[in-house]
file target_2.cif (mmCIF, C-alpha atoms, pLDDT in the B column; chains and numbers go by the auth columns)
data_query
#
loop_
_atom_site.group_PDB
_atom_site.id
_atom_site.type_symbol
_atom_site.label_atom_id
_atom_site.label_comp_id
_atom_site.label_asym_id
_atom_site.label_seq_id
_atom_site.Cartn_x
_atom_site.Cartn_y
_atom_site.Cartn_z
_atom_site.B_iso_or_equiv
_atom_site.auth_seq_id
_atom_site.auth_asym_id
ATOM 1 C CA MET A 1 -4.958 -28.340 58.404 75.00 1 A
ATOM 2 C CA ASN A 2 -7.206 -31.326 57.760 86.00 2 A
ATOM 3 C CA PRO A 3 -9.626 -31.237 54.827 91.00 3 A
ATOM 4 C CA THR A 4 -13.286 -30.566 55.654 94.00 4 A
ATOM 5 C CA ILE A 5 -16.512 -30.675 53.733 96.00 5 A
ATOM 6 C CA THR A 6 -16.925 -27.648 51.477 97.00 6 A
ATOM 7 C CA GLU A 7 -18.846 -24.540 52.407 97.00 7 A
ATOM 8 C CA ASN A 8 -21.638 -25.539 49.994 97.00 8 A
ATOM 9 C CA GLU A 9 -21.823 -29.019 51.511 98.00 9 A
ATOM 10 C CA ALA A 10 -21.999 -27.438 54.978 98.00 10 A
ATOM 11 C CA ARG A 11 -24.841 -25.157 53.838 98.00 11 A
ATOM 12 C CA ASP A 12 -26.716 -28.155 52.405 98.00 12 A
ATOM 13 C CA ARG A 13 -26.251 -30.176 55.602 98.00 13 A
ATOM 14 C CA VAL A 14 -27.460 -27.237 57.744 98.00 14 A
ATOM 15 C CA GLU A 15 -30.623 -27.107 55.643 98.00 15 A
ATOM 16 C CA ASP A 16 -31.015 -30.908 55.773 98.00 16 A
ATOM 17 C CA TYR A 17 -30.774 -30.922 59.551 98.00 17 A
ATOM 18 C CA VAL A 18 -33.297 -28.087 59.872 98.00 18 A
ATOM 19 C CA ARG A 19 -35.681 -29.901 57.498 98.00 19 A
ATOM 20 C CA GLY A 20 -35.267 -33.135 59.459 98.00 20 A
ATOM 21 C CA ALA A 21 -35.880 -31.585 62.870 98.00 21 A
ATOM 22 C CA PHE A 22 -38.756 -29.552 61.440 98.00 22 A
ATOM 23 C CA SER A 23 -40.390 -32.788 60.258 97.00 23 A
ATOM 24 C CA ALA A 24 -40.881 -33.717 63.940 98.00 24 A
ATOM 25 C CA LEU A 25 -43.317 -30.802 64.350 97.00 25 A
ATOM 26 C CA PRO A 26 -47.071 -31.105 63.709 95.00 26 A
ATOM 27 C CA ALA A 27 -48.743 -30.251 60.397 90.00 27 A
ATOM 28 C CA PRO A 28 -49.805 -26.633 61.081 93.00 28 A
ATOM 29 C CA ALA A 29 -46.124 -25.675 61.546 97.00 29 A
ATOM 30 C CA ALA A 30 -44.430 -23.636 58.842 97.00 30 A
ATOM 31 C CA LYS A 31 -40.969 -22.137 58.718 97.00 31 A
ATOM 32 C CA GLU A 32 -39.710 -18.756 57.580 98.00 32 A
ATOM 33 C CA LEU A 33 -36.037 -17.931 57.146 98.00 33 A
ATOM 34 C CA PHE A 34 -34.926 -15.689 60.001 98.00 34 A
ATOM 35 C CA SER A 35 -31.166 -15.541 59.304 98.00 35 A
ATOM 36 C CA ARG A 36 -28.485 -17.220 57.235 98.00 36 A
ATOM 37 C CA ASN A 37 -24.839 -16.560 58.072 97.00 37 A
ATOM 38 C CA ARG A 38 -21.306 -17.292 56.964 97.00 38 A
ATOM 39 C CA SER A 39 -19.008 -16.372 59.850 95.00 39 A
ATOM 40 C CA GLU A 40 -15.243 -16.598 59.876 93.00 40 A
ATOM 41 C CA CYS A 41 -13.896 -18.907 62.575 90.00 41 A
ATOM 42 C CA THR A 42 -11.800 -16.238 64.261 79.00 42 A
ATOM 43 C CA ASP A 43 -11.721 -18.119 67.565 70.00 43 A
ATOM 44 C CA PRO A 44 -12.495 -21.708 66.599 63.00 44 A
ATOM 45 C CA THR A 45 -13.265 -24.174 69.338 63.00 45 A
ATOM 46 C CA ASP A 46 -10.927 -26.718 67.726 66.00 46 A
ATOM 47 C CA ASN A 47 -7.922 -24.340 67.910 71.00 47 A
ATOM 48 C CA GLY A 48 -7.491 -24.758 64.160 75.00 48 A
ATOM 49 C CA PRO A 49 -6.153 -22.254 61.661 83.00 49 A
ATOM 50 C CA ALA A 50 -7.889 -19.133 60.373 86.00 50 A
ATOM 51 C CA GLY A 51 -9.494 -19.054 56.926 91.00 51 A
ATOM 52 C CA ARG A 52 -12.363 -21.372 57.754 94.00 52 A
ATOM 53 C CA PHE A 53 -16.045 -20.514 58.145 95.00 53 A
ATOM 54 C CA GLU A 54 -19.126 -21.606 60.088 96.00 54 A
ATOM 55 C CA ILE A 55 -22.339 -21.798 58.079 98.00 55 A
ATOM 56 C CA SER A 56 -25.635 -21.323 59.897 98.00 56 A
ATOM 57 C CA ALA A 57 -29.329 -20.841 59.320 98.00 57 A
ATOM 58 C CA THR A 58 -32.139 -20.037 61.728 98.00 58 A
ATOM 59 C CA TYR A 59 -35.829 -20.327 60.950 98.00 59 A
ATOM 60 C CA GLU A 60 -38.821 -18.933 62.765 98.00 60 A
ATOM 61 C CA VAL A 61 -41.377 -21.693 63.254 98.00 61 A
ATOM 62 C CA THR A 62 -44.862 -20.309 62.671 97.00 62 A
ATOM 63 C CA GLY A 63 -48.351 -21.749 62.912 97.00 63 A
ATOM 64 C CA LEU A 64 -47.995 -23.215 66.401 97.00 64 A
ATOM 65 C CA GLU A 65 -49.531 -21.915 69.603 96.00 65 A
ATOM 66 C CA PRO A 66 -47.116 -21.054 72.441 96.00 66 A
ATOM 67 C CA ASP A 67 -49.003 -23.329 74.831 95.00 67 A
ATOM 68 C CA THR A 68 -47.898 -26.286 72.642 96.00 68 A
ATOM 69 C CA PHE A 69 -44.183 -25.379 72.711 96.00 69 A
ATOM 70 C CA LYS A 70 -43.406 -27.859 75.499 96.00 70 A
ATOM 71 C CA ALA A 71 -44.578 -30.705 73.261 97.00 71 A
ATOM 72 C CA GLN A 72 -42.674 -29.242 70.282 97.00 72 A
ATOM 73 C CA PHE A 73 -39.443 -29.159 72.295 98.00 73 A
ATOM 74 C CA GLU A 74 -39.945 -32.804 73.274 97.00 74 A
ATOM 75 C CA ALA A 75 -40.569 -33.797 69.639 98.00 75 A
ATOM 76 C CA VAL A 76 -37.449 -32.020 68.333 98.00 76 A
ATOM 77 C CA VAL A 77 -35.226 -33.382 71.141 98.00 77 A
ATOM 78 C CA LYS A 78 -36.508 -36.881 70.340 98.00 78 A
ATOM 79 C CA TRP A 79 -35.685 -36.344 66.648 98.00 79 A
ATOM 80 C CA TRP A 80 -32.183 -35.120 67.570 98.00 80 A
ATOM 81 C CA GLN A 81 -31.548 -38.144 69.773 97.00 81 A
ATOM 82 C CA GLY A 82 -32.586 -40.468 66.941 97.00 82 A
ATOM 83 C CA HIS A 83 -30.238 -38.736 64.488 97.00 83 A
ATOM 84 C CA GLY A 84 -26.915 -38.648 66.308 97.00 84 A
ATOM 85 C CA PHE A 85 -27.333 -35.446 68.337 98.00 85 A
ATOM 86 C CA THR A 86 -26.569 -35.145 72.029 98.00 86 A
ATOM 87 C CA VAL A 87 -28.285 -32.440 74.073 98.00 87 A
ATOM 88 C CA LEU A 88 -25.547 -30.299 75.653 98.00 88 A
ATOM 89 C CA THR A 89 -27.687 -27.495 77.087 98.00 89 A
ATOM 90 C CA ASP A 90 -31.279 -27.756 78.259 98.00 90 A
ATOM 91 C CA ARG A 91 -32.533 -24.693 80.119 97.00 91 A
ATOM 92 C CA ARG A 92 -36.119 -25.839 80.418 96.00 92 A
ATOM 93 C CA PRO A 93 -38.327 -25.114 82.280 91.00 93 A
ATOM 94 C CA THR A 94 -36.669 -21.819 83.345 92.00 94 A
ATOM 95 C CA ASP A 95 -35.908 -20.809 79.746 95.00 95 A
ATOM 96 C CA GLN A 96 -37.238 -22.373 76.599 97.00 96 A
ATOM 97 C CA TYR A 97 -33.861 -23.223 75.061 98.00 97 A
ATOM 98 C CA VAL A 98 -32.188 -26.481 74.042 98.00 98 A
ATOM 99 C CA PHE A 99 -28.818 -26.906 72.291 98.00 99 A
ATOM 100 C CA ALA A 100 -27.473 -30.140 70.786 98.00 100 A
ATOM 101 C CA ARG A 101 -24.391 -31.327 68.886 98.00 101 A
ATOM 102 C CA ASN A 102 -24.000 -34.144 66.409 97.00 102 A
ATOM 103 C CA GLU A 103 -20.920 -36.021 67.604 93.00 103 A
ATOM 104 C CA ARG A 104 -20.293 -37.597 64.178 96.00 104 A
ATOM 105 C CA ASP A 105 -19.922 -34.369 62.195 96.00 105 A
ATOM 106 C CA GLY A 106 -19.798 -31.516 64.751 96.00 106 A
ATOM 107 C CA PHE A 107 -22.963 -29.741 63.573 98.00 107 A
ATOM 108 C CA ASP A 108 -24.943 -27.897 66.246 98.00 108 A
ATOM 109 C CA MET A 109 -28.670 -27.315 66.487 98.00 109 A
ATOM 110 C CA SER A 110 -30.805 -25.205 68.777 98.00 110 A
ATOM 111 C CA LEU A 111 -34.468 -24.664 69.516 98.00 111 A
ATOM 112 C CA GLN A 112 -35.554 -21.549 71.373 98.00 112 A
ATOM 113 C CA ALA A 113 -38.806 -19.842 72.237 97.00 113 A
ATOM 114 C CA ASN A 114 -39.125 -16.332 73.603 96.00 114 A
ATOM 115 C CA GLU A 115 -41.598 -14.410 75.738 94.00 115 A
ATOM 116 C CA LEU A 116 -43.233 -13.001 72.581 96.00 116 A
ATOM 117 C CA GLY A 117 -44.471 -16.469 71.598 96.00 117 A
ATOM 118 C CA LYS A 118 -41.879 -16.940 68.833 97.00 118 A
ATOM 119 C CA LEU A 119 -40.142 -20.257 68.210 98.00 119 A
ATOM 120 C CA TYR A 120 -36.786 -20.554 66.403 98.00 120 A
ATOM 121 C CA LEU A 121 -34.993 -23.618 65.031 98.00 121 A
ATOM 122 C CA GLY A 122 -31.418 -23.368 63.797 98.00 122 A
ATOM 123 C CA ALA A 123 -28.323 -25.289 62.766 98.00 123 A
ATOM 124 C CA THR A 124 -24.629 -24.375 62.545 97.00 124 A
ATOM 125 C CA SER A 125 -21.741 -26.183 60.883 97.00 125 A
ATOM 126 C CA PRO A 126 -18.345 -26.713 62.418 95.00 126 A
ATOM 127 C CA CYS A 127 -15.463 -24.687 60.927 93.00 127 A
ATOM 128 C CA VAL A 128 -15.010 -25.646 57.260 95.00 128 A
ATOM 129 C CA TRP A 129 -12.659 -24.616 54.477 95.00 129 A
ATOM 130 C CA PRO A 130 -14.586 -22.857 51.675 96.00 130 A
ATOM 131 C CA LYS A 131 -13.401 -25.427 49.100 95.00 131 A
ATOM 132 C CA GLY A 132 -12.814 -28.280 51.552 93.00 132 A
ATOM 133 C CA THR A 133 -9.030 -27.875 51.733 93.00 133 A
ATOM 134 C CA PRO A 134 -6.777 -25.117 53.064 88.00 134 A
ATOM 135 C CA GLU A 135 -5.795 -22.376 50.670 76.00 135 A
ATOM 136 C CA ALA A 136 -2.159 -22.574 49.543 68.00 136 A
ATOM 137 C CA ALA A 137 -1.270 -19.464 51.583 52.00 137 A
ATOM 138 C CA ALA A 138 -2.619 -21.096 54.734 48.00 138 A
ATOM 139 C CA VAL A 139 -0.531 -24.227 54.173 46.00 139 A
ATOM 140 C CA VAL A 140 2.815 -22.463 53.773 43.00 140 A
ATOM 141 C CA GLU A 141 3.915 -21.438 57.220 47.00 141 A
ATOM 142 C CA GLU A 142 7.306 -19.871 56.675 46.00 142 A
ATOM 143 C CA PRO A 143 8.291 -17.384 59.337 48.00 143 A
ATOM 144 C CA GLU A 144 8.072 -13.798 58.196 56.00 144 A
ATOM 145 C CA VAL A 145 11.228 -11.756 58.730 53.00 145 A
ATOM 146 C CA VAL A 146 10.404 -8.439 60.342 56.00 146 A
ATOM 147 C CA GLU A 147 13.062 -5.798 60.640 60.00 147 A
ATOM 148 C CA ALA A 148 13.296 -3.812 63.829 53.00 148 A
ATOM 149 C CA PRO A 149 11.924 -0.279 63.477 54.00 149 A
ATOM 150 C CA GLU A 150 14.249 2.704 63.607 56.00 150 A
ATOM 151 C CA PRO A 151 14.545 4.098 67.124 51.00 151 A
ATOM 152 C CA SER A 152 12.461 7.202 67.537 51.00 152 A
ATOM 153 C CA GLU A 153 12.078 9.826 70.189 51.00 153 A
ATOM 154 C CA PRO A 154 10.302 8.519 73.250 48.00 154 A
ATOM 155 C CA GLU A 155 6.651 9.393 73.369 45.00 155 A
ATOM 156 C CA ARG A 156 5.811 12.058 75.923 48.00 156 A
ATOM 157 C CA PRO A 157 3.303 11.027 78.514 45.00 157 A
ATOM 158 C CA ARG A 158 -0.094 12.596 78.056 41.00 158 A
ATOM 159 C CA PRO A 159 -0.841 15.231 80.724 45.00 159 A
ATOM 160 C CA ARG A 160 -3.240 13.946 83.340 44.00 160 A
ATOM 161 C CA ARG A 161 -6.601 15.585 83.766 40.00 161 A
ATOM 162 C CA ALA A 162 -7.036 17.416 87.027 46.00 162 A
ATOM 163 C CA PRO A 163 -9.169 15.578 89.588 46.00 163 A
ATOM 164 C CA VAL A 164 -12.815 16.558 89.613 43.00 164 A
ATOM 165 C CA ASP A 165 -14.848 16.980 92.762 48.00 165 A
ATOM 166 C CA ASP A 166 -18.331 15.490 92.750 45.00 166 A
ATOM 167 C CA GLU A 167 -19.694 19.022 92.992 49.00 167 A
ATOM 168 C CA ASP A 168 -17.850 20.049 89.816 46.00 168 A
ATOM 169 C CA PHE A 169 -18.748 16.921 87.830 39.00 169 A
ATOM 170 C CA GLY A 170 -21.734 18.474 86.031 46.00 170 A
ATOM 171 C CA GLN A 171 -19.784 21.644 85.300 48.00 171 A
ATOM 172 C CA THR A 172 -16.829 19.887 83.690 42.00 172 A
ATOM 173 C CA SER A 173 -16.130 20.070 79.951 47.00 173 A
ATOM 174 C CA TRP A 174 -14.892 16.567 79.076 40.00 174 A
ATOM 175 C CA SER A 175 -13.869 17.612 75.557 44.00 175 A
ATOM 176 C CA ASP A 176 -10.960 19.783 76.736 44.00 176 A
ATOM 177 C CA GLY A 177 -9.369 17.410 79.231 46.00 177 A
ATOM 178 C CA GLY A 178 -11.687 18.109 82.135 45.00 178 A
ATOM 179 C CA THR A 179 -11.220 21.777 82.891 46.00 179 A
ATOM 180 C CA ALA A 180 -14.063 23.225 84.975 48.00 180 A
ATOM 181 C CA PHE A 181 -16.062 26.062 83.379 43.00 181 A
#

call {"tool": "encode", "arguments": {"input": "target_2.cif", "output": "structure tokens"}}
result
Amino acid sequence: MNPTITENEARDRVEDYVRGAFSALPAPAAKELFSRNRSECTDPTDNGPAGRFEISATYEVTGLEPDTFKAQFEAVVKWWQGHGFTVLTDRRPTDQYVFARNERDGFDMSLQANELGKLYLGATSPCVWPKGTPEAAAVVEEPEVVEAPEPSEPERPRPRRAPVDDEDFGQTSWSDGGTAF
């Protein structure tokens, strides 16, 4: 239930990190927004409470030839290392994918190229509260009293479908429980 940076601050930092890593690429490079997301932390890695969000942005890097990607990966990894990021996953040379985390603030970054000659650079925030602090409802953790439901008639088991021989498989109507035609 610790305070975090706000969602807007997370969005700004994602963009700052992308701009910084992008600055390591050569002059003909340009970037085009590929996706921007706000995803609820439904299964946060820090085992924290619900109600927080991850903010992310991914850009397609254009203007660079695929045969220069190896050098581009090296330049971005070098930038990451100089700015507090630690490479956690490096699938090169098998796959053109590198993933890093900033240990100071928990932001992640990735660089990936695909077989179509496309290069993508992205950043993701850790889980943050929209306004930097938990909502009042998330702070109050009083147990909810739930009354036991009225006993009802036991549910009848659903009749089992008759077994189907391999020969009858194609002749079986699956919409009526499996009766052969």

call {"tool": "atom_distance", "arguments": {"input": "target_2.cif", "atom1": "atom CA of Glu15 of chain A", "atom2": "atom CA of Ser39 of chain A"}}
result
16.4 Å

call {"tool": "resolve_selection", "arguments": {"input": "target_2.cif", "expression": "the PyMOL selection byres ((chain A and resi 40) around 9)", "output": "list in words"}}
result
Arg38, Ser39, Cys41, Thr42, Asp43, Pro44, Ala50, Gly51, Arg52, Phe53, Glu54, Ile55 and Cys127 of chain A

call {"tool": "write_last_selection", "arguments": {"input": "target_2.cif", "atoms": "C-alpha atoms", "output": "PDB file, in the frame of the given file"}}
result
ATOM      1  CA  ARG A  38     -21.306 -17.292  56.964  1.00 97.00           C
ATOM      2  CA  SER A  39     -19.008 -16.372  59.850  1.00 95.00           C
ATOM      3  CA  CYS A  41     -13.896 -18.907  62.575  1.00 90.00           C
ATOM      4  CA  THR A  42     -11.800 -16.238  64.261  1.00 79.00           C
ATOM      5  CA  ASP A  43     -11.721 -18.119  67.565  1.00 70.00           C
ATOM      6  CA  PRO A  44     -12.495 -21.708  66.599  1.00 63.00           C
ATOM      7  CA  ALA A  50      -7.889 -19.133  60.373  1.00 86.00           C
ATOM      8  CA  GLY A  51      -9.494 -19.054  56.926  1.00 91.00           C
ATOM      9  CA  ARG A  52     -12.363 -21.372  57.754  1.00 94.00           C
ATOM     10  CA  PHE A  53     -16.045 -20.514  58.145  1.00 95.00           C
ATOM     11  CA  GLU A  54     -19.126 -21.606  60.088  1.00 96.00           C
ATOM     12  CA  ILE A  55     -22.339 -21.798  58.079  1.00 98.00           C
ATOM     13  CA  CYS A 127     -15.463 -24.687  60.927  1.00 93.00           C
TER      14      CYS A 127
END

call {"tool": "residues_around", "arguments": {"input": "target_2.cif", "residues": "Arg11 of chain A", "least_positions_apart": "3", "cutoff": "8 Å", "atoms": "all atoms listed in the file", "output": "JSON, numbers by chain"}}
result
{"A": [7, 8, 14, 15, 55, 56, 125]}

call {"tool": "axis_aligned_box", "arguments": {"input": "target_2.cif", "around": "segment 1-19 of chain A", "padding_each_side": "5 Å", "output": "JSON"}}
result
{"center_x": -20.3, "center_y": -27.9, "center_z": 54.9, "size_x": 40.7, "size_y": 16.8, "size_z": 19.9}

call {"tool": "resolve_selection", "arguments": {"input": "target_2.cif", "expression": "the PyMOL selection byres ((chain A and resi 93) around 12)", "output": "list of chain:residue names"}}
result
A:Phe69, A:Lys70, A:Phe73, A:Glu74, A:Asp90, A:Arg91, A:Arg92, A:Thr94, A:Asp95, A:Gln96, A:Tyr97, A:Val98, A:Gln112, A:Ala113

call {"tool": "closest_residue", "arguments": {"input": "target_2.cif", "among": "A:Met109, A:Val87, A:Val128, A:Leu119", "to": "Asp67 of chain A", "atoms": "all atoms listed in the file"}}
result
A:Leu119

call {"tool": "closest_residue", "arguments": {"input": "target_2.cif", "among": "A:Gly48, A:Ala57, A:Phe22, A:Asp105", "to": "Pro134 of chain A", "atoms": "only C-alpha atoms"}}
result
A:Gly48

call {"tool": "resolve_selection", "arguments": {"input": "target_2.cif", "expression": "the PyMOL selection byres ((chain A and resi 123) around 12)", "output": "ChimeraX atom specification"}}
result
/A:10-22,34-37,54-59,80,85,98-102,106-112,120-122,124-126

call {"tool": "residues_near_point", "arguments": {"input": "target_2.cif", "point": "(-51.6, -18.7, 65.3)", "cutoff": "10 Å", "atoms": "all atoms listed in the file", "output": "list in words"}}
result
Pro28, Ala29, Thr62, Gly63, Leu64, Glu65, Pro66 and Gly117 of chain A
